[in-house]
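Trainee: Dropping in input23.pdb, which is PDB, C-alpha atoms:
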```pdb
ATOM      1  CA  MET A   1      23.957 -14.332   7.321
ATOM      2  CA  LYS A   2      24.478 -16.464   4.279
ATOM      3  CA  ILE A   3      21.318 -17.691   2.640
ATOM      4  CA  ILE A   4      21.347 -20.857   0.588
ATOM      5  CA  ASP A   5      18.565 -22.538  -1.360
ATOM      6  CA  SER A   6      17.825 -25.007   1.415
ATOM      7  CA  ASP A   7      17.347 -22.095   3.847
ATOM      8  CA  ILE A   8      14.780 -20.581   1.521
ATOM      9  CA  GLU A   9      12.971 -23.891   1.276
ATOM     10  CA  LYS A  10      12.982 -24.288   5.063
ATOM     11  CA  ILE A  11      11.729 -20.764   5.680
ATOM     12  CA  GLU A  12       9.042 -21.079   3.038
ATOM     13  CA  ARG A  13       7.911 -24.347   4.603
ATOM     14  CA  LEU A  14       7.834 -22.781   8.077
ATOM     15  CA  ALA A  15       6.015 -19.710   6.800
ATOM     16  CA  GLY A  16       3.196 -21.999   5.744
ATOM     17  CA  ALA A  17       2.437 -22.574   9.435
ATOM     18  CA  TRP A  18       0.781 -19.176   9.542
ATOM     19  CA  SER A  19      -2.492 -20.176   7.989
ATOM     20  CA  LEU A  20      -4.956 -17.756   6.475
ATOM     21  CA  GLU A  21      -8.132 -16.903   8.361
ATOM     22  CA  MET A  22     -11.094 -15.859   6.283
ATOM     23  CA  PRO A  23     -13.887 -13.582   7.464
ATOM     24  CA  ASP A  24     -17.559 -14.486   7.461
ATOM     25  CA  GLU A  25     -18.678 -14.876   3.840
ATOM     26  CA  ARG A  26     -21.166 -12.031   4.296
ATOM     27  CA  PHE A  27     -18.206  -9.672   4.329
ATOM     28  CA  PHE A  28     -17.464 -10.470   0.687
ATOM     29  CA  ILE A  29     -21.116 -10.521  -0.319
ATOM     30  CA  ASN A  30     -21.672  -7.042   1.104
ATOM     31  CA  LEU A  31     -18.327  -5.480   0.279
ATOM     32  CA  PRO A  32     -19.107  -3.824  -3.093
ATOM     33  CA  ALA A  33     -22.289  -2.220  -1.777
ATOM     34  CA  LYS A  34     -20.564  -1.124   1.415
ATOM     35  CA  VAL A  35     -17.752   0.557  -0.494
ATOM     36  CA  LEU A  36     -20.170   2.278  -2.860
ATOM     37  CA  ASP A  37     -22.278   3.480   0.077
ATOM     38  CA  LYS A  38     -19.227   4.837   1.819
ATOM     39  CA  ALA A  39     -18.016   6.549  -1.334
ATOM     40  CA  ALA A  40     -21.438   8.114  -1.853
ATOM     41  CA  ALA A  41     -21.570   9.304   1.740
ATOM     42  CA  SER A  42     -18.202  10.953   1.373
ATOM     43  CA  PRO A  43     -17.545  11.444  -2.322
ATOM     44  CA  ARG A  44     -14.048  12.726  -1.752
ATOM     45  CA  PRO A  45     -11.675  12.586   1.189
ATOM     46  CA  TRP A  46     -12.247  15.585   3.420
ATOM     47  CA  TRP A  47      -8.876  17.022   2.679
ATOM     48  CA  THR A  48      -9.474  17.207  -1.062
ATOM     49  CA  ARG A  49     -12.443  19.451  -0.320
ATOM     50  CA  VAL A  50     -11.061  21.390   2.612
ATOM     51  CA  ALA A  51      -7.359  20.974   2.684
ATOM     52  CA  ALA A  52      -6.491  20.680  -0.971
ATOM     53  CA  PRO A  53      -7.077  24.346  -1.815
ATOM     54  CA  ALA A  54      -5.600  25.257   1.547
ATOM     55  CA  GLY A  55      -3.033  22.557   0.991
ATOM     56  CA  ALA A  56      -1.877  24.108  -2.230
ATOM     57  CA  VAL A  57      -1.323  27.373  -0.397
ATOM     58  CA  ALA A  58       0.284  25.663   2.559
ATOM     59  CA  ALA A  59       2.429  23.610   0.223
ATOM     60  CA  MET A  60       3.659  26.763  -1.386
ATOM     61  CA  ALA A  61       4.367  28.246   2.042
ATOM     62  CA  LEU A  62       6.266  25.139   3.058
ATOM     63  CA  LEU A  63       8.182  25.179  -0.134
ATOM     64  CA  LEU A  64       9.001  28.833   0.294
ATOM     65  CA  ALA A  65      10.343  27.959   3.730
ATOM     66  CA  ALA A  66      12.219  25.035   2.269
ATOM     67  CA  GLY A  67      13.444  27.341  -0.438
ATOM     68  CA  ALA A  68      14.777  29.697   2.195
ATOM     69  CA  ILE A  69      16.507  26.866   3.991
ATOM     70  CA  PHE A  70      17.982  25.480   0.853
ATOM     71  CA  ALA A  71      18.658  28.845  -0.695
ATOM     72  CA  GLY A  72      21.981  27.654  -1.903
ATOM     73  CA  ARG A  73      20.401  25.069  -4.146
ATOM     74  CA  GLU A  74      19.815  25.613  -7.777
ATOM     75  CA  VAL A  75      16.797  27.728  -8.672
ATOM     76  CA  ARG A  76      15.872  25.221 -11.318
ATOM     77  CA  GLY A  77      15.424  22.508  -8.726
ATOM     78  CA  THR A  78      13.180  24.733  -6.618
ATOM     79  CA  ASP A  79      11.009  25.460  -9.636
ATOM     80  CA  ARG A  80      10.532  21.758 -10.139
ATOM     81  CA  MET A  81       9.556  21.401  -6.495
ATOM     82  CA  PHE A  82       6.962  24.131  -6.922
ATOM     83  CA  ARG A  83       5.475  22.467  -9.963
ATOM     84  CA  ALA A  84       5.482  19.060  -8.306
ATOM     85  CA  ALA A  85       3.938  20.453  -5.119
ATOM     86  CA  ALA A  86       1.212  22.259  -7.007
ATOM     87  CA  GLU A  87       0.357  19.094  -8.878
ATOM     88  CA  TRP A  88       0.283  16.934  -5.789
ATOM     89  CA  SER A  89      -1.873  19.450  -3.963
ATOM     90  CA  SER A  90      -4.418  19.608  -6.737
ATOM     91  CA  GLU A  91      -7.634  17.670  -6.520
ATOM     92  CA  SER A  92      -6.810  15.817  -9.685
ATOM     93  CA  ALA A  93      -3.751  14.151  -8.214
ATOM     94  CA  ASP A  94      -3.754  10.527  -9.238
ATOM     95  CA  TRP A  95      -1.219   7.723  -9.354
ATOM     96  CA  ASP A  96       0.353   9.029 -12.502
ATOM     97  CA  GLY A  97       0.530  12.438 -10.889
ATOM     98  CA  ILE A  98       2.255  10.961  -7.891
ATOM     99  CA  ASP A  99       4.808   9.259 -10.095
ATOM    100  CA  ARG A 100       5.390  12.533 -11.887
ATOM    101  CA  VAL A 101       5.825  14.334  -8.565
ATOM    102  CA  LEU A 102       8.329  11.734  -7.419
ATOM    103  CA  SER A 103      10.210  11.928 -10.633
ATOM    104  CA  GLU A 104      10.288  15.726 -10.534
ATOM    105  CA  ALA A 105      11.366  15.670  -6.930
ATOM    106  CA  SER A 106      14.020  13.111  -7.607
ATOM    107  CA  GLU A 107      15.396  15.148 -10.484
ATOM    108  CA  ALA A 108      15.439  18.162  -8.221
ATOM    109  CA  GLY A 109      17.453  16.187  -5.676
ATOM    110  CA  VAL A 110      14.944  16.997  -2.968
ATOM    111  CA  SER A 111      14.842  14.896   0.155
ATOM    112  CA  GLY A 112      12.522  16.916   2.397
ATOM    113  CA  LEU A 113       9.253  15.536   3.632
ATOM    114  CA  HIS A 114       6.181  17.533   4.598
ATOM    115  CA  HIS A 115       3.000  16.141   6.068
ATOM    116  CA  TYR A 116      -0.507  17.365   6.465
ATOM    117  CA  LEU A 117      -2.301  15.483   9.159
ATOM    118  CA  ASP A 118      -6.026  15.797   9.553
ATOM    119  CA  PRO A 119      -7.299  16.510  13.069
ATOM    120  CA  SER A 120      -7.980  12.839  13.734
ATOM    121  CA  GLY A 121      -4.551  11.933  12.509
ATOM    122  CA  LEU A 122      -6.063   9.155  10.442
ATOM    123  CA  GLU A 123      -5.540  10.415   6.934
ATOM    124  CA  THR A 124      -2.462  12.013   5.619
ATOM    125  CA  ALA A 125      -2.100  14.264   2.668
ATOM    126  CA  VAL A 126       1.545  14.317   2.065
ATOM    127  CA  LEU A 127       3.884  16.407   0.109
ATOM    128  CA  ALA A 128       6.796  14.046   0.074
ATOM    129  CA  MET A 129       9.965  14.562  -1.798
ATOM    130  CA  ASP A 130      11.875  11.441  -1.104
ATOM    131  CA  ARG A 131      11.775   8.327  -3.207
ATOM    132  CA  ASP A 132      12.054   6.223  -0.058
ATOM    133  CA  ASP A 133       8.837   7.751   1.181
ATOM    134  CA  TYR A 134       6.841   6.664  -1.827
ATOM    135  CA  TYR A 135       4.389   4.716   0.282
ATOM    136  CA  THR A 136       3.794   7.569   2.649
ATOM    137  CA  LEU A 137       3.176   9.948  -0.167
ATOM    138  CA  ALA A 138       0.687   7.674  -1.823
ATOM    139  CA  SER A 139      -1.344   7.355   1.340
ATOM    140  CA  GLY A 140      -2.940  10.677   0.577
ATOM    141  CA  LEU A 141      -5.162   9.041  -2.030
TER     142      LEU A 141
ATOM    143  CA  MET B   1      -3.177  -1.967 -22.524
ATOM    144  CA  ALA B   2      -3.619  -4.729 -19.992
ATOM    145  CA  ASP B   3      -6.337  -7.331 -20.033
ATOM    146  CA  GLN B   4      -9.388  -5.183 -19.353
ATOM    147  CA  PRO B   5     -11.403  -4.412 -22.502
ATOM    148  CA  GLN B   6     -11.725  -0.773 -23.496
ATOM    149  CA  ASP B   7     -15.425  -0.561 -22.665
ATOM    150  CA  THR B   8     -14.829  -2.018 -19.194
ATOM    151  CA  LEU B   9     -12.037   0.462 -18.660
ATOM    152  CA  GLU B  10     -14.251   3.342 -19.705
ATOM    153  CA  ARG B  11     -17.042   2.146 -17.436
ATOM    154  CA  LEU B  12     -14.604   1.904 -14.538
ATOM    155  CA  LYS B  13     -13.169   5.343 -15.189
ATOM    156  CA  SER B  14     -16.649   6.808 -15.167
ATOM    157  CA  LYS B  15     -17.270   5.076 -11.820
ATOM    158  CA  ASP B  16     -20.003   2.834 -13.216
ATOM    159  CA  SER B  17     -21.234   0.996 -10.128
ATOM    160  CA  ASN B  18     -21.869  -2.295 -11.967
ATOM    161  CA  ALA B  19     -18.375  -2.324 -13.448
ATOM    162  CA  PHE B  20     -16.892  -1.463 -10.073
ATOM    163  CA  THR B  21     -18.923  -4.178  -8.345
ATOM    164  CA  GLU B  22     -17.633  -6.728 -10.865
ATOM    165  CA  ALA B  23     -14.082  -5.561 -10.256
ATOM    166  CA  VAL B  24     -14.510  -5.855  -6.494
ATOM    167  CA  ARG B  25     -16.015  -9.327  -6.767
ATOM    168  CA  ALA B  26     -13.176 -10.488  -9.011
ATOM    169  CA  ASN B  27     -10.443  -9.194  -6.718
ATOM    170  CA  GLN B  28     -11.781  -9.018  -3.177
ATOM    171  CA  GLN B  29     -10.434 -12.359  -1.996
ATOM    172  CA  ALA B  30      -6.947 -11.685  -3.337
ATOM    173  CA  ILE B  31      -6.892  -8.253  -1.718
ATOM    174  CA  TYR B  32      -8.216  -9.658   1.556
ATOM    175  CA  ARG B  33      -5.491 -12.335   1.600
ATOM    176  CA  LEU B  34      -2.837  -9.660   1.151
ATOM    177  CA  ALA B  35      -4.481  -7.428   3.761
ATOM    178  CA  TYR B  36      -4.545 -10.303   6.233
ATOM    179  CA  ARG B  37      -0.803 -10.865   5.916
ATOM    180  CA  LEU B  38      -0.110  -7.146   6.218
ATOM    181  CA  THR B  39      -2.275  -6.606   9.286
ATOM    182  CA  GLY B  40      -2.091  -9.986  11.012
ATOM    183  CA  ASN B  41      -5.739 -10.378  11.953
ATOM    184  CA  VAL B  42      -9.181 -10.748  10.419
ATOM    185  CA  GLU B  43     -10.759  -7.545  11.732
ATOM    186  CA  ASP B  44      -8.010  -5.248  10.509
ATOM    187  CA  ALA B  45      -7.757  -7.157   7.252
ATOM    188  CA  MET B  46     -11.457  -6.529   6.626
ATOM    189  CA  ASP B  47     -11.020  -2.820   7.356
ATOM    190  CA  LEU B  48      -7.969  -2.587   5.144
ATOM    191  CA  THR B  49      -9.680  -4.454   2.304
ATOM    192  CA  GLN B  50     -12.574  -2.038   2.441
ATOM    193  CA  GLU B  51     -10.209   0.909   2.516
ATOM    194  CA  VAL B  52      -8.348  -0.393  -0.532
ATOM    195  CA  PHE B  53     -11.514  -0.565  -2.608
ATOM    196  CA  LEU B  54     -12.674   2.820  -1.353
ATOM    197  CA  ARG B  55      -9.365   4.390  -2.359
ATOM    198  CA  ALA B  56      -9.582   2.586  -5.676
ATOM    199  CA  PHE B  57     -13.092   3.877  -6.324
ATOM    200  CA  ARG B  58     -12.012   7.436  -5.623
ATOM    201  CA  ALA B  59      -8.990   7.064  -7.861
ATOM    202  CA  LEU B  60     -10.820   5.325 -10.746
ATOM    203  CA  PRO B  61     -10.849   8.334 -13.072
ATOM    204  CA  GLY B  62      -7.058   8.295 -12.976
ATOM    205  CA  PHE B  63      -6.797   4.576 -13.788
ATOM    206  CA  ARG B  64      -5.387   4.343 -17.296
ATOM    207  CA  GLY B  65      -5.396   0.590 -17.652
ATOM    208  CA  ASP B  66      -1.670   0.401 -18.346
ATOM    209  CA  SER B  67      -1.501  -2.396 -15.814
ATOM    210  CA  ASP B  68      -4.311  -4.814 -15.092
ATOM    211  CA  ILE B  69      -6.691  -3.838 -12.370
ATOM    212  CA  ARG B  70      -5.417  -6.428  -9.906
ATOM    213  CA  THR B  71      -1.886  -5.051 -10.173
ATOM    214  CA  TRP B  72      -3.281  -1.573  -9.595
ATOM    215  CA  LEU B  73      -5.267  -2.779  -6.581
ATOM    216  CA  TYR B  74      -2.219  -4.532  -5.152
ATOM    217  CA  ARG B  75      -0.347  -1.260  -5.418
ATOM    218  CA  ILE B  76      -3.093   0.572  -3.551
ATOM    219  CA  ALA B  77      -3.165  -2.220  -0.944
ATOM    220  CA  ILE B  78       0.570  -2.018  -0.339
ATOM    221  CA  ASN B  79       0.325   1.739   0.120
ATOM    222  CA  ALA B  80      -2.772   1.499   2.292
ATOM    223  CA  GLY B  81      -1.041  -1.184   4.354
ATOM    224  CA  SER B  82       1.843   1.169   4.958
ATOM    225  CA  SER B  83      -0.542   3.874   6.167
ATOM    226  CA  TRP B  84      -2.301   1.337   8.359
ATOM    227  CA  ARG B  85       1.007   0.267   9.882
ATOM    228  CA  LYS B  86       1.916   3.856  10.695
ATOM    229  CA  ARG B  87      -1.466   4.456  12.292
ATOM    230  CA  GLU B  88      -1.591   1.258  14.288
ATOM    231  CA  LYS B  89       2.125   1.175  15.115
ATOM    232  CA  VAL B  90       2.095  -2.475  16.174
ATOM    233  CA  PHE B  91       0.064  -5.601  15.681
ATOM    234  CA  ALA B  92      -2.695  -6.213  18.148
ATOM    235  CA  PRO B  93      -1.641  -8.441  21.048
ATOM    236  CA  LEU B  94      -1.638 -12.058  20.040
ATOM    237  CA  ASP B  95      -4.463 -13.144  22.278
ATOM    238  CA  GLN B  96      -6.747 -10.541  20.720
ATOM    239  CA  ALA B  97      -5.555 -10.806  17.180
ATOM    240  CA  LEU B  98      -5.312 -14.508  16.635
ATOM    241  CA  GLU B  99      -8.315 -16.660  16.302
ATOM    242  CA  VAL B 100      -8.332 -20.271  17.351
ATOM    243  CA  PRO B 101      -6.067 -22.208  15.004
ATOM    244  CA  SER B 102      -7.140 -25.552  13.643
ATOM    245  CA  PRO B 103      -6.107 -28.503  15.825
ATOM    246  CA  LYS B 104      -3.503 -29.736  13.330
ATOM    247  CA  GLU B 105      -1.580 -26.476  13.573
ATOM    248  CA  ASP B 106       1.234 -25.822  15.990
ATOM    249  CA  PRO B 107       0.078 -22.633  17.736
ATOM    250  CA  GLU B 108       3.559 -21.771  18.934
ATOM    251  CA  LEU B 109       5.045 -22.000  15.463
ATOM    252  CA  ARG B 110       2.111 -20.115  13.995
ATOM    253  CA  MET B 111       2.608 -17.213  16.402
ATOM    254  CA  ALA B 112       6.351 -17.266  15.879
ATOM    255  CA  VAL B 113       5.945 -17.056  12.102
ATOM    256  CA  ARG B 114       3.354 -14.327  12.363
ATOM    257  CA  ASP B 115       5.550 -12.284  14.717
ATOM    258  CA  ALA B 116       8.640 -12.832  12.597
ATOM    259  CA  VAL B 117       6.864 -11.688   9.436
ATOM    260  CA  GLU B 118       5.434  -8.688  11.259
ATOM    261  CA  ALA B 119       8.860  -7.710  12.555
ATOM    262  CA  LEU B 120      10.235  -7.354   9.027
ATOM    263  CA  PRO B 121      10.753  -3.833   7.668
ATOM    264  CA  TYR B 122       7.624  -2.958   5.679
ATOM    265  CA  LYS B 123       9.098  -3.203   2.194
ATOM    266  CA  GLN B 124      10.692  -6.584   2.939
ATOM    267  CA  LYS B 125       7.479  -7.764   4.501
ATOM    268  CA  ALA B 126       5.402  -6.610   1.533
ATOM    269  CA  VAL B 127       7.736  -8.363  -0.900
ATOM    270  CA  PHE B 128       7.841 -11.564   1.159
ATOM    271  CA  VAL B 129       4.069 -11.648   1.563
ATOM    272  CA  MET B 130       3.392 -10.976  -2.105
ATOM    273  CA  HIS B 131       5.879 -13.619  -3.246
ATOM    274  CA  HIS B 132       5.334 -16.323  -0.676
ATOM    275  CA  TYR B 133       1.708 -15.978   0.331
ATOM    276  CA  GLN B 134       0.214 -14.401  -2.792
ATOM    277  CA  GLY B 135       2.328 -16.403  -5.217
ATOM    278  CA  LEU B 136       3.404 -13.373  -7.264
ATOM    279  CA  LYS B 137       6.587 -13.496  -9.295
ATOM    280  CA  HIS B 138       9.409 -11.097  -8.526
ATOM    281  CA  GLU B 139       8.743  -9.391 -11.875
ATOM    282  CA  GLU B 140       5.094  -8.805 -10.957
ATOM    283  CA  ILE B 141       6.082  -7.404  -7.564
ATOM    284  CA  ALA B 142       8.542  -5.089  -9.265
ATOM    285  CA  GLY B 143       5.682  -3.785 -11.412
ATOM    286  CA  ILE B 144       3.436  -3.292  -8.396
ATOM    287  CA  THR B 145       6.026  -1.531  -6.273
ATOM    288  CA  ASP B 146       7.620   0.370  -9.152
ATOM    289  CA  ARG B 147      11.039  -1.012  -8.369
ATOM    290  CA  THR B 148      13.595  -3.107 -10.179
ATOM    291  CA  VAL B 149      13.447  -6.894 -10.117
ATOM    292  CA  GLY B 150      16.904  -6.846  -8.555
ATOM    293  CA  SER B 151      15.780  -4.742  -5.633
ATOM    294  CA  VAL B 152      12.705  -6.925  -5.137
ATOM    295  CA  LYS B 153      14.875 -10.040  -5.056
ATOM    296  CA  ALA B 154      17.249  -8.335  -2.656
ATOM    297  CA  ASN B 155      14.335  -7.512  -0.367
ATOM    298  CA  TYR B 156      13.145 -11.089  -0.542
ATOM    299  CA  PHE B 157      16.508 -12.530   0.432
ATOM    300  CA  GLN B 158      16.887  -9.950   3.210
ATOM    301  CA  ALA B 159      13.479 -11.021   4.499
ATOM    302  CA  VAL B 160      14.436 -14.706   4.380
ATOM    303  CA  ALA B 161      17.674 -13.980   6.232
ATOM    304  CA  LYS B 162      15.806 -12.142   8.989
ATOM    305  CA  LEU B 163      13.173 -14.862   9.221
ATOM    306  CA  LYS B 164      15.916 -17.475   9.451
ATOM    307  CA  ARG B 165      17.390 -15.673  12.446
ATOM    308  CA  LYS B 166      14.002 -15.247  14.139
ATOM    309  CA  LEU B 167      12.851 -18.801  13.500
ATOM    310  CA  GLU B 168      16.150 -20.515  14.166
ATOM    311  CA  GLY B 169      14.658 -22.575  16.978
ATOM    312  CA  PHE B 170      12.167 -24.169  14.580
ATOM    313  CA  LEU B 171      14.613 -25.006  11.807
TER     314      LEU B 171
END
```
Produce structure tokens that represent the structure in this file.

Mentor:
Amino acid sequence: MKIIDSDIEKIERLAGAWSLEMPDERFFINLPAKVLDKAAASPRPWWTRVAAPAGAVAAMALLLAAGAIFAGREVRGTDRMFRAAAEWSSESADWDGIDRVLSEASEAGVSGLHHYLDPSGLETAVLAMDRDDYYTLASGL
Amino acid sequence: MADQPQDTLERLKSKDSNAFTEAVRANQQAIYRLAYRLTGNVEDAMDLTQEVFLRAFRALPGFRGDSDIRTWLYRIAINAGSSWRKREKVFAPLDQALEVPSPKEDPELRMAVRDAVEALPYKQKAVFVMHHYQGLKHEEIAGITDRTVGSVKANYFQAVAKLKRKLEGFL
């Protein structure tokens, strides 16, 4: 479908029909304290305490399996995957670390994707190796 | 270094509660507005907003201040919104999710727009919401999503094309 400037104007005008609904103002008043309370109650996500050490091991196991599957690939690429996986699995993983992991993975030409789901299925610690899955990977934070 | 002074940055990185509270107060409405467009209703937007700041608090030691804190929070919100979408799968049914619109609004159009935006692929939706509803420039969105300006613009035009098809009856 061809899009011209007048289409954009029309769509942007129509999109304005979906007005914003704000919550009760107490939500904003209490938000900082609520977040700090929640952070204090659970200083780190459960998986950084429980699954991260296990995750590092599991990540290695997964990567070994992946390594077996992709045995034909260059050893150098697998080494990069190992380094990236170890970094992502560490407790100190941060946004820069994630970017590094993605970059390493991308250089290694890896497209596999491995998930850790917690029992509730609500939080995901992800060892993702696909640039398209950037958002999924970052959800582990 | 972005606009936060060095001492503020250091206080944030050390998880100083006063510095964090100031940062939340300065950004909570912007993050809520984004969360509302990503989730489609007030309740989920409140949950997502809280989750964004919780993730941010946990990740503060890794915040280097290369971008300003709002950009960093937007990035967390976009990622958290993606996780939320995967967990929730779909928007809540309209009758539960939508609150009573003001009398001057056309409820049918409002629902149609909301549904059309929701039906967009997540990256297109995120780009459309950030540009149209949050007023961010394509360059800023590129910084937030770590993509090129060209790909952000492409996503925006793809979103507009899809919305045009969905909202044809209202054009």

Trainee: Kindly resolve the PyMOL selection byres ((chain B and resi 18-24) around 12) on the present coordinates and return the residues as an MDAnalysis selection string.

Mentor: (chainID A and resid 28:37 39) or (chainID B and resid 4:5 7:17 25:32 49:50 52:54 56:61 68:70 72:73)

Trainee: At most 9 Å from (2.3, -27.5, 10.6), file frame, all atoms listed in the file: which residues, as a ChimeraX atom specification?

Mentor: /A:13-14,16-18 /B:104-107,109-110

Trainee: Between atom CA of B:Met111 and atom CA of B:Thr39, what is the distance, to one decimal in Å?

Mentor: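 Calculated distance between atom CA of B:Met111 and atom CA of B:Thr39 is 13.7 Å.
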
Trainee: Is it possible to get the residues within 8 Å of (4.5, -19.3, -0.4) (coordinates as in the file, counting all atoms listed in the file) written as an MDAnalysis selection string?

Mentor: (chainID A and resid 12:13 15:16) or (chainID B and resid 129 131:135)

Trainee: For atom CA of A:Phe27 and atom CA of B:Leu38, determine how far apart the two atoms are, in Å to one decimal place.

Mentor: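 Separation between atom CA of A:Phe27 and atom CA of B:Leu38: 18.4 Å.
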
Trainee: To one decimal place, how far is atom CA of B:Ala116 from atom CA of B:Gly169 in Å?

Mentor: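 Rounded to one decimal, the two atoms are 12.3 Å apart.
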
Trainee: Which one of B:Ala80, B:Val127, B:Leu34, B:Leu120 sits closest to B:Val149 if you count all atoms listed in the file?

Mentor: B:Val127

Trainee: Find the residues near B:Thr71: any atom within 9 Å, counting all atoms listed in the file, skip ones fewer than 2 places away on the same chain, and give them as a PyMOL selection string.

Mentor: chain B and resi 67-69+73-76+140-141+143-144

Trainee: Show which residues sit within 8 Å of B:Val42, as a VMD selection string. Count only C-alpha atoms, and ignore same-chain residues fewer than 6 positions away.

Mentor: (chain A and resid 21 to 23) or (chain B and resid 36 97)

Trainee: Please dump the current selection as a CSV table (one decimal), keeping the file's coordinate frame; keep C-alpha atoms.

Mentor:
```csv
chain,number,residue,atom,x,y,z
A,21,GLU,CA,-8.1,-16.9,8.4
A,22,MET,CA,-11.1,-15.9,6.3
A,23,PRO,CA,-13.9,-13.6,7.5
B,36,TYR,CA,-4.5,-10.3,6.2
B,97,ALA,CA,-5.6,-10.8,17.2
```
